[in-house]
>>> print(open('final_23.tsv').read())   # TSV, C-alpha atoms
chain	number	residue	atom	x	y	z
A	11	MET	CA	-41.07	-33.85	-15.02
A	12	ASN	CA	-41.97	-31.43	-17.82
A	13	ARG	CA	-38.31	-30.50	-18.19
A	14	ASN	CA	-36.59	-33.88	-17.86
A	15	VAL	CA	-38.95	-36.43	-19.44
A	16	ILE	CA	-38.73	-36.68	-23.23
A	17	ILE	CA	-41.68	-38.31	-24.98
A	18	GLU	CA	-41.19	-40.65	-27.92
A	19	PRO	CA	-44.74	-40.84	-29.30
A	20	PHE	CA	-44.47	-44.11	-31.24
A	21	SER	CA	-41.75	-46.77	-31.38
A	22	GLU	CA	-40.41	-47.96	-34.75
A	23	PHE	CA	-43.35	-46.37	-36.50
A	24	ASP	CA	-42.08	-47.08	-40.02
A	25	SER	CA	-42.38	-50.83	-39.38
A	26	LEU	CA	-46.20	-50.79	-39.12
A	27	PRO	CA	-47.58	-52.92	-41.98
A	28	GLY	CA	-50.76	-52.20	-43.91
A	29	ILE	CA	-54.01	-54.12	-43.41
A	30	GLN	CA	-55.97	-55.71	-46.24
A	31	SER	CA	-59.67	-56.53	-46.09
A	32	GLY	CA	-60.64	-58.94	-43.37
A	33	ASN	CA	-57.90	-57.66	-41.05
A	34	VAL	CA	-55.24	-59.62	-42.94
A	35	VAL	CA	-51.76	-58.18	-42.49
A	36	ASP	CA	-50.21	-57.00	-45.75
A	37	MET	CA	-46.44	-57.08	-45.30
A	38	THR	CA	-45.86	-55.49	-48.72
A	39	SER	CA	-47.49	-52.20	-47.71
A	40	TYR	CA	-46.28	-49.95	-44.90
A	41	ILE	CA	-48.91	-47.24	-45.32
A	42	TYR	CA	-49.82	-47.43	-41.62
A	43	GLY	CA	-46.27	-46.34	-40.81
A	44	SER	CA	-46.07	-43.64	-43.47
A	45	PRO	CA	-44.43	-40.25	-42.78
A	46	LEU	CA	-47.74	-38.42	-43.31
A	47	ARG	CA	-49.59	-40.62	-40.83
A	48	GLY	CA	-46.74	-40.22	-38.36
A	49	LYS	CA	-47.02	-36.44	-38.70
A	50	ASN	CA	-50.79	-36.47	-38.16
A	51	LEU	CA	-50.60	-38.69	-35.06
A	52	HIS	CA	-47.72	-36.63	-33.66
A	53	ASP	CA	-49.85	-33.50	-34.03
A	54	LYS	CA	-52.71	-35.11	-32.12
A	55	MET	CA	-50.43	-36.22	-29.30
A	56	GLU	CA	-48.84	-32.79	-29.08
A	57	THR	CA	-52.29	-31.17	-28.91
A	58	ALA	CA	-53.34	-33.52	-26.11
A	59	PHE	CA	-50.20	-32.81	-24.08
A	60	ARG	CA	-50.53	-29.05	-24.41
A	61	ALA	CA	-54.22	-29.19	-23.51
A	62	ALA	CA	-53.21	-30.97	-20.30
A	63	SER	CA	-50.58	-28.27	-19.62
A	64	PHE	CA	-47.65	-30.65	-20.18
A	65	SER	CA	-44.74	-28.97	-21.91
A	66	ASN	CA	-42.54	-32.05	-22.40
A	67	GLU	CA	-40.43	-32.33	-25.51
A	68	ILE	CA	-42.07	-34.73	-27.99
A	69	THR	CA	-39.70	-36.23	-30.55
A	70	ALA	CA	-40.62	-37.44	-34.01
A	71	PRO	CA	-41.82	-41.07	-34.01
A	72	SER	CA	-38.83	-43.38	-33.82
A	73	ILE	CA	-37.99	-45.37	-36.93
A	74	VAL	CA	-36.00	-48.53	-37.56
A	75	ASN	CA	-34.97	-48.61	-41.22
A	76	VAL	CA	-38.07	-50.34	-42.62
A	77	TYR	CA	-39.29	-47.68	-45.06
A	78	HIS	CA	-40.35	-49.47	-48.25
A	79	GLY	CA	-41.51	-46.50	-50.25
A	80	SER	CA	-40.66	-42.83	-50.46
A	81	LEU	CA	-42.74	-39.83	-51.37
A	82	SER	CA	-39.66	-38.04	-52.64
A	83	ALA	CA	-36.97	-40.36	-53.99
A	84	GLN	CA	-35.89	-43.92	-54.62
A	85	VAL	CA	-33.96	-45.63	-51.82
A	86	LEU	CA	-30.37	-45.73	-53.05
A	87	THR	CA	-28.53	-47.65	-50.32
A	88	LYS	CA	-29.33	-49.30	-47.01
A	89	TYR	CA	-28.31	-46.04	-45.32
A	90	ASP	CA	-30.89	-43.91	-47.13
A	91	THR	CA	-34.01	-45.52	-45.67
A	92	LEU	CA	-33.98	-43.71	-42.33
A	93	GLY	CA	-33.19	-40.36	-43.92
A	94	LEU	CA	-35.87	-40.59	-46.61
A	95	TRP	CA	-38.62	-41.35	-44.06
A	96	LEU	CA	-37.54	-38.32	-42.05
A	97	LYS	CA	-37.28	-36.15	-45.16
A	98	ASP	CA	-40.87	-36.98	-46.08
A	99	TYR	CA	-42.00	-36.56	-42.45
A	100	TYR	CA	-40.60	-33.04	-42.17
A	101	ALA	CA	-41.77	-32.15	-45.69
A	102	ALA	CA	-45.30	-33.06	-44.58
A	103	GLY	CA	-45.01	-30.62	-41.66
A	104	GLY	CA	-43.79	-33.05	-39.01
A	105	ARG	CA	-42.11	-31.71	-35.88
A	106	GLY	CA	-39.74	-32.95	-33.19
A	107	ARG	CA	-36.13	-33.99	-33.42
A	108	PRO	CA	-35.41	-37.36	-35.03
A	109	SER	CA	-35.26	-40.55	-32.99
A	110	VAL	CA	-33.66	-43.38	-34.95
A	111	HIS	CA	-32.99	-47.03	-34.17
A	112	VAL	CA	-29.75	-47.87	-35.94
A	113	TYR	CA	-29.15	-51.53	-36.78
A	114	TYR	CA	-27.19	-52.74	-39.81
A	115	GLY	CA	-24.76	-55.50	-38.89
A	116	TYR	CA	-27.18	-57.56	-36.77
A	117	GLY	CA	-29.04	-60.01	-38.98
A	118	MET	CA	-26.72	-59.23	-41.91
A	119	GLY	CA	-23.69	-61.36	-41.13
A	120	ALA	CA	-22.32	-59.39	-38.18
A	121	LYS	CA	-20.17	-62.32	-37.12
A	122	ASN	CA	-18.26	-62.16	-40.40
A	123	GLN	CA	-17.68	-58.41	-40.35
A	124	SER	CA	-14.74	-56.61	-38.78
A	125	VAL	CA	-15.17	-54.13	-35.94
A	126	ALA	CA	-14.23	-51.37	-38.38
A	127	ALA	CA	-16.97	-52.45	-40.82
A	128	LEU	CA	-19.63	-52.60	-38.10
A	129	LYS	CA	-18.63	-49.17	-36.83
A	130	ASN	CA	-18.71	-47.80	-40.37
A	131	ASP	CA	-22.29	-49.02	-40.77
A	132	LEU	CA	-23.48	-47.06	-37.75
A	133	ILE	CA	-21.54	-43.93	-38.62
A	134	SER	CA	-22.63	-44.03	-42.27
A	135	GLY	CA	-26.24	-44.39	-41.15
A	136	ILE	CA	-26.03	-41.22	-39.05
A	137	GLU	CA	-24.12	-39.28	-41.71
A	138	THR	CA	-26.79	-40.14	-44.26
A	139	VAL	CA	-29.64	-39.15	-41.93
A	140	VAL	CA	-28.01	-35.74	-41.46
A	141	LYS	CA	-28.17	-35.07	-45.21
A	142	TYR	CA	-31.96	-35.48	-45.27
A	143	ILE	CA	-33.16	-33.58	-42.20
A	144	PRO	CA	-33.64	-29.84	-41.53
A	145	ALA	CA	-30.59	-27.96	-40.26
A	146	GLN	CA	-32.17	-27.32	-36.86
A	147	TYR	CA	-32.07	-31.05	-36.08
A	148	ARG	CA	-28.67	-32.00	-37.47
A	149	GLN	CA	-26.70	-31.76	-34.24
A	150	ASN	CA	-29.20	-33.19	-31.76
A	151	ILE	CA	-30.28	-36.56	-33.19
A	152	ILE	CA	-31.42	-39.17	-30.68
A	153	VAL	CA	-30.28	-42.74	-31.36
A	154	GLY	CA	-33.07	-44.45	-29.46
A	155	GLU	CA	-31.60	-47.91	-29.96
A	156	ALA	CA	-28.25	-49.26	-31.13
A	157	GLY	CA	-26.27	-52.35	-30.37
A	158	PHE	CA	-24.90	-55.72	-31.36
A	159	PRO	CA	-25.59	-59.10	-29.78
A	160	GLU	CA	-22.82	-61.14	-28.25
A	161	GLU	CA	-22.15	-64.59	-29.63
A	162	ALA	CA	-22.45	-66.60	-26.42
A	163	ASN	CA	-21.89	-70.38	-26.47
A	164	GLY	CA	-23.49	-70.62	-29.87
A	165	ALA	CA	-26.74	-69.12	-28.58
A	166	CYS	CA	-26.54	-66.28	-31.08
A	167	ASP	CA	-25.43	-67.41	-34.53
A	168	ASP	CA	-25.11	-63.89	-35.88
A	169	GLY	CA	-23.48	-62.21	-32.91
A	170	ILE	CA	-19.89	-61.06	-32.43
A	171	THR	CA	-17.37	-62.02	-29.79
A	172	ALA	CA	-17.42	-60.23	-26.44
A	173	GLU	CA	-13.94	-58.87	-27.12
A	174	ASN	CA	-14.90	-57.40	-30.51
A	175	ARG	CA	-18.12	-55.96	-29.15
A	176	GLU	CA	-16.31	-54.24	-26.30
A	177	SER	CA	-13.83	-52.77	-28.76
A	178	LEU	CA	-16.69	-51.60	-30.98
A	179	TYR	CA	-18.61	-49.86	-28.19
A	180	LYS	CA	-15.52	-48.08	-26.89
A	181	SER	CA	-14.79	-46.90	-30.40
A	182	LEU	CA	-18.34	-45.59	-30.86
A	183	ILE	CA	-18.22	-43.62	-27.61
A	184	GLN	CA	-15.14	-41.75	-28.81
A	185	ASP	CA	-16.24	-41.24	-32.41
A	186	THR	CA	-16.17	-37.61	-33.60
A	187	THR	CA	-19.13	-38.00	-35.99
A	188	LEU	CA	-21.41	-39.36	-33.29
A	189	ASN	CA	-20.30	-36.67	-30.88
A	190	ARG	CA	-21.00	-34.00	-33.47
A	191	TYR	CA	-24.46	-35.05	-34.62
A	192	VAL	CA	-25.92	-37.21	-31.85
A	193	ASP	CA	-27.27	-35.95	-28.54
A	194	ALA	CA	-27.86	-39.36	-26.96
A	195	VAL	CA	-27.25	-43.02	-27.76
A	196	LEU	CA	-29.35	-45.62	-25.97
A	197	PHE	CA	-27.89	-49.11	-26.17
A	198	TRP	CA	-30.49	-51.86	-26.54
A	199	ARG	CA	-30.73	-53.76	-23.24
A	200	LEU	CA	-28.79	-52.84	-20.12
A	201	ALA	CA	-28.43	-56.43	-18.94
A	202	LYS	CA	-28.17	-59.61	-20.97
A	203	LEU	CA	-30.84	-62.14	-20.11
A	204	ASN	CA	-30.13	-65.50	-18.55
A	205	ALA	CA	-29.94	-68.31	-21.07
A	206	ARG	CA	-33.21	-69.93	-20.00
A	207	ALA	CA	-35.19	-71.87	-22.59
A	208	ALA	CA	-38.12	-69.47	-22.33
A	209	ASP	CA	-35.86	-66.50	-23.06
A	210	GLY	CA	-34.21	-68.20	-25.99
A	211	ASP	CA	-37.49	-69.41	-27.48
A	212	PHE	CA	-39.09	-65.98	-27.40
A	213	LEU	CA	-36.21	-63.55	-27.79
A	214	GLY	CA	-33.53	-65.54	-29.54
A	215	CYS	CA	-30.50	-63.38	-30.29
A	216	SER	CA	-32.15	-60.34	-28.72
A	217	SER	CA	-31.37	-61.68	-25.24
A	218	GLN	CA	-27.64	-61.25	-25.93
A	219	PHE	CA	-27.69	-57.50	-26.61
A	220	GLY	CA	-27.21	-56.38	-22.98
A	221	ILE	CA	-23.90	-54.92	-21.87
A	222	MET	CA	-24.08	-56.17	-18.28
A	223	SER	CA	-23.70	-59.71	-16.92
A	224	PRO	CA	-27.10	-61.28	-16.13
A	225	GLU	CA	-25.67	-63.50	-13.41
A	226	LYS	CA	-24.23	-60.63	-11.39
A	227	PHE	CA	-27.15	-58.33	-12.15
A	228	ASN	CA	-29.66	-60.86	-10.82
A	229	SER	CA	-27.70	-62.14	-7.84
A	230	SER	CA	-25.97	-59.14	-6.32
A	231	PRO	CA	-27.77	-56.44	-4.32
A	232	ASP	CA	-24.78	-54.23	-5.09
A	233	TYR	CA	-25.64	-53.37	-8.69
A	234	TRP	CA	-22.49	-51.27	-9.02
A	235	SER	CA	-20.48	-54.50	-8.95
A	236	THR	CA	-22.03	-55.45	-12.30
A	237	PHE	CA	-20.42	-52.46	-14.03
A	238	GLU	CA	-17.21	-53.87	-15.44
A	239	GLY	CA	-15.56	-54.02	-18.83
A	240	THR	CA	-17.65	-52.34	-21.51
A	241	PRO	CA	-20.40	-50.90	-19.28
A	242	LEU	CA	-17.84	-49.43	-16.90
A	243	LYS	CA	-16.03	-47.75	-19.77
A	244	ILE	CA	-19.30	-46.34	-21.12
A	245	PHE	CA	-20.37	-44.85	-17.82
A	246	GLU	CA	-16.91	-43.53	-16.98
A	247	THR	CA	-16.74	-41.76	-20.33
A	248	LEU	CA	-20.21	-40.27	-20.04
A	249	PHE	CA	-19.59	-39.10	-16.47
A	250	PHE	CA	-16.34	-37.43	-17.53
A	251	ARG	CA	-18.15	-35.54	-20.30
A	252	TRP	CA	-20.90	-34.49	-17.90
A	253	LYS	CA	-18.30	-33.07	-15.48
A	254	GLN	CA	-16.72	-31.11	-18.36
A	255	HIS	CA	-20.05	-29.40	-19.03
>>> encode(input="final_23.tsv", output="structure tokens")
Amino acid sequence: MNRNVIIEPFSEFDSLPGIQSGNVVDMTSYIYGSPLRGKNLHDKMETAFRAASFSNEITAPSIVNVYHGSLSAQVLTKYDTLGLWLKDYYAAGGRGRPSVHVYYGYGMGAKNQSVAALKNDLISGIETVVKYIPAQYRQNIIVGEAGFPEEANGACDDGITAENRESLYKSLIQDTTLNRYVDAVLFWRLAKLNARAADGDFLGCSSQFGIMSPEKFNSSPDYWSTFEGTPLKIFETLFFRWKQH
């Protein structure tokens, strides 16, 4: 367990808003999710783990591209936000390899972008992160979340077609930049959720991120039968790489 379980101390830490007097949420201030606070809380968690004789790797807090202010520089492009948070985190003495949640196309007109443009967004995000982080972390970044929703029967207005999404994921798996800098990519949701009203009301487009069919996943005791198309290609590719090592 100490060797195989990696701890992500806080999820999407940069998205924590500030609090005004009277416990009113202040969405213009993200001081609660600042790099310095992330470093201090990471230190406390690391101390607690070591005191309990747990030697698990503890990554930096994961971030999701919601850094509204920098201690070091002005945000230049949409790709700089992740890197600037990490730059300030490590400058403050933060430890642990970076864990980033990389979303650009979703919510920004993904349906109207080409597969090449969507892929370029993800790759450019990683390439920009690399420029801001210490050399020791540049070839073992964790992408803790990535993905694009599928446009399914109009349920997701900003999703992309199943065919384009499959093409995109296959392309990402084989990309040389990702393979050079990224140690692991975790796709958001393994299985799409059934299109029940409750799911749609609460999760909206998020329910369409999964790469496996919800009908087969929920109905078949043979879960291997649900691995077809994109998920099959992903697992085949990863297994082949594992055998090579």
>>> atom_distance(input="final_23.tsv", atom1="CA of Asp168 in chain A", atom2="CA of Tyr113 in chain A")
13.0 Å
>>> atom_distance(input="final_23.tsv", atom1="CA of Ala61 in chain A", atom2="CA of Met11 in chain A")
16.3 Å
>>> atom_distance(input="final_23.tsv", atom1="CA of Gly169 in chain A", atom2="CA of Val112 in chain A")
15.9 Å
>>> residues_around(input="final_23.tsv", residues="Pro45 in chain A", least_positions_apart="4", cutoff="7 Å", atoms="all atoms listed in the file", output="short mmCIF file (atom, residue, chain, number, x, y, z; two decimals) with C-alpha atoms, keeping the file's coordinate frame")
data_model
loop_
_atom_site.label_atom_id
_atom_site.label_comp_id
_atom_site.auth_asym_id
_atom_site.auth_seq_id
_atom_site.Cartn_x
_atom_site.Cartn_y
_atom_site.Cartn_z
CA LYS A 49 -47.02 -36.44 -38.70
CA TRP A 95 -38.62 -41.35 -44.06
CA ASP A 98 -40.87 -36.98 -46.08
CA TYR A 99 -42.00 -36.56 -42.45
#
>>> residues_around(input="final_23.tsv", residues="range 130-139 of chain A", least_positions_apart="5", cutoff="9 Å", atoms="only C-alpha atoms", output="PDB file with C-alpha atoms, in the frame of the given file")
ATOM      1  CA  LYS A  88     -29.330 -49.300 -47.010  1.00  0.00           C
ATOM      2  CA  TYR A  89     -28.310 -46.040 -45.320  1.00  0.00           C
ATOM      3  CA  ASP A  90     -30.890 -43.910 -47.130  1.00  0.00           C
ATOM      4  CA  THR A  91     -34.010 -45.520 -45.670  1.00  0.00           C
ATOM      5  CA  LEU A  92     -33.980 -43.710 -42.330  1.00  0.00           C
ATOM      6  CA  GLY A  93     -33.190 -40.360 -43.920  1.00  0.00           C
ATOM      7  CA  LEU A  94     -35.870 -40.590 -46.610  1.00  0.00           C
ATOM      8  CA  LEU A  96     -37.540 -38.320 -42.050  1.00  0.00           C
ATOM      9  CA  LYS A  97     -37.280 -36.150 -45.160  1.00  0.00           C
ATOM     10  CA  VAL A 110     -33.660 -43.380 -34.950  1.00  0.00           C
ATOM     11  CA  VAL A 112     -29.750 -47.870 -35.940  1.00  0.00           C
ATOM     12  CA  TYR A 113     -29.150 -51.530 -36.780  1.00  0.00           C
ATOM     13  CA  TYR A 114     -27.190 -52.740 -39.810  1.00  0.00           C
ATOM     14  CA  GLY A 115     -24.760 -55.500 -38.890  1.00  0.00           C
ATOM     15  CA  VAL A 125     -15.170 -54.130 -35.940  1.00  0.00           C
ATOM     16  CA  ARG A 148     -28.670 -32.000 -37.470  1.00  0.00           C
ATOM     17  CA  ILE A 151     -30.280 -36.560 -33.190  1.00  0.00           C
ATOM     18  CA  VAL A 153     -30.280 -42.740 -31.360  1.00  0.00           C
ATOM     19  CA  ALA A 156     -28.250 -49.260 -31.130  1.00  0.00           C
ATOM     20  CA  LEU A 182     -18.340 -45.590 -30.860  1.00  0.00           C
ATOM     21  CA  ASP A 185     -16.240 -41.240 -32.410  1.00  0.00           C
ATOM     22  CA  THR A 187     -19.130 -38.000 -35.990  1.00  0.00           C
ATOM     23  CA  LEU A 188     -21.410 -39.360 -33.290  1.00  0.00           C
ATOM     24  CA  TYR A 191     -24.460 -35.050 -34.620  1.00  0.00           C
ATOM     25  CA  VAL A 192     -25.920 -37.210 -31.850  1.00  0.00           C
TER      26      VAL A 192
END
>>> closest_residue(input="final_23.tsv", among="A:Ser181, A:Ile16, A:Ala172, A:Gly154", to="Phe197 in chain A", atoms="all atoms listed in the file")
A:Gly154
>>> residues_near_point(input="final_23.tsv", point="(-17.0, -52.0, -30.3)", cutoff="9 Å", atoms="all atoms listed in the file", output="PDB file with C-alpha atoms, in the coordinates of the input")
ATOM      1  CA  VAL A 125     -15.170 -54.130 -35.940  1.00  0.00           C
ATOM      2  CA  ALA A 126     -14.230 -51.370 -38.380  1.00  0.00           C
ATOM      3  CA  LEU A 128     -19.630 -52.600 -38.100  1.00  0.00           C
ATOM      4  CA  LYS A 129     -18.630 -49.170 -36.830  1.00  0.00           C
ATOM      5  CA  PHE A 158     -24.900 -55.720 -31.360  1.00  0.00           C
ATOM      6  CA  GLU A 173     -13.940 -58.870 -27.120  1.00  0.00           C
ATOM      7  CA  ASN A 174     -14.900 -57.400 -30.510  1.00  0.00           C
ATOM      8  CA  ARG A 175     -18.120 -55.960 -29.150  1.00  0.00           C
ATOM      9  CA  GLU A 176     -16.310 -54.240 -26.300  1.00  0.00           C
ATOM     10  CA  SER A 177     -13.830 -52.770 -28.760  1.00  0.00           C
ATOM     11  CA  LEU A 178     -16.690 -51.600 -30.980  1.00  0.00           C
ATOM     12  CA  TYR A 179     -18.610 -49.860 -28.190  1.00  0.00           C
ATOM     13  CA  LYS A 180     -15.520 -48.080 -26.890  1.00  0.00           C
ATOM     14  CA  SER A 181     -14.790 -46.900 -30.400  1.00  0.00           C
ATOM     15  CA  LEU A 182     -18.340 -45.590 -30.860  1.00  0.00           C
ATOM     16  CA  ILE A 183     -18.220 -43.620 -27.610  1.00  0.00           C
ATOM     17  CA  THR A 240     -17.650 -52.340 -21.510  1.00  0.00           C
TER      18      THR A 240
END
>>> closest_residue(input="final_23.tsv", among="A:Ile152, A:Ile17, A:Ala145, A:Cys215", to="Asp167 in chain A", atoms="only C-alpha atoms")
A:Cys215
>>> closest_residue(input="final_23.tsv", among="A:Ala62, A:Asp53, A:Leu196, A:Tyr100", to="Ile221 in chain A", atoms="only C-alpha atoms")
A:Leu196
>>> closest_residue(input="final_23.tsv", among="A:Ala127, A:Val140, A:Ile170, A:Leu51", to="Arg190 in chain A", atoms="all atoms listed in the file")
A:Val140
>>> closest_residue(input="final_23.tsv", among="A:Pro144, A:Gly48, A:Gly103, A:Pro159", to="Pro71 in chain A", atoms="only C-alpha atoms")
A:Gly48
>>> closest_residue(input="final_23.tsv", among="A:Ala201, A:Val76, A:Ile143, A:Ala70", to="Ala101 in chain A", atoms="all atoms listed in the file")
A:Ile143
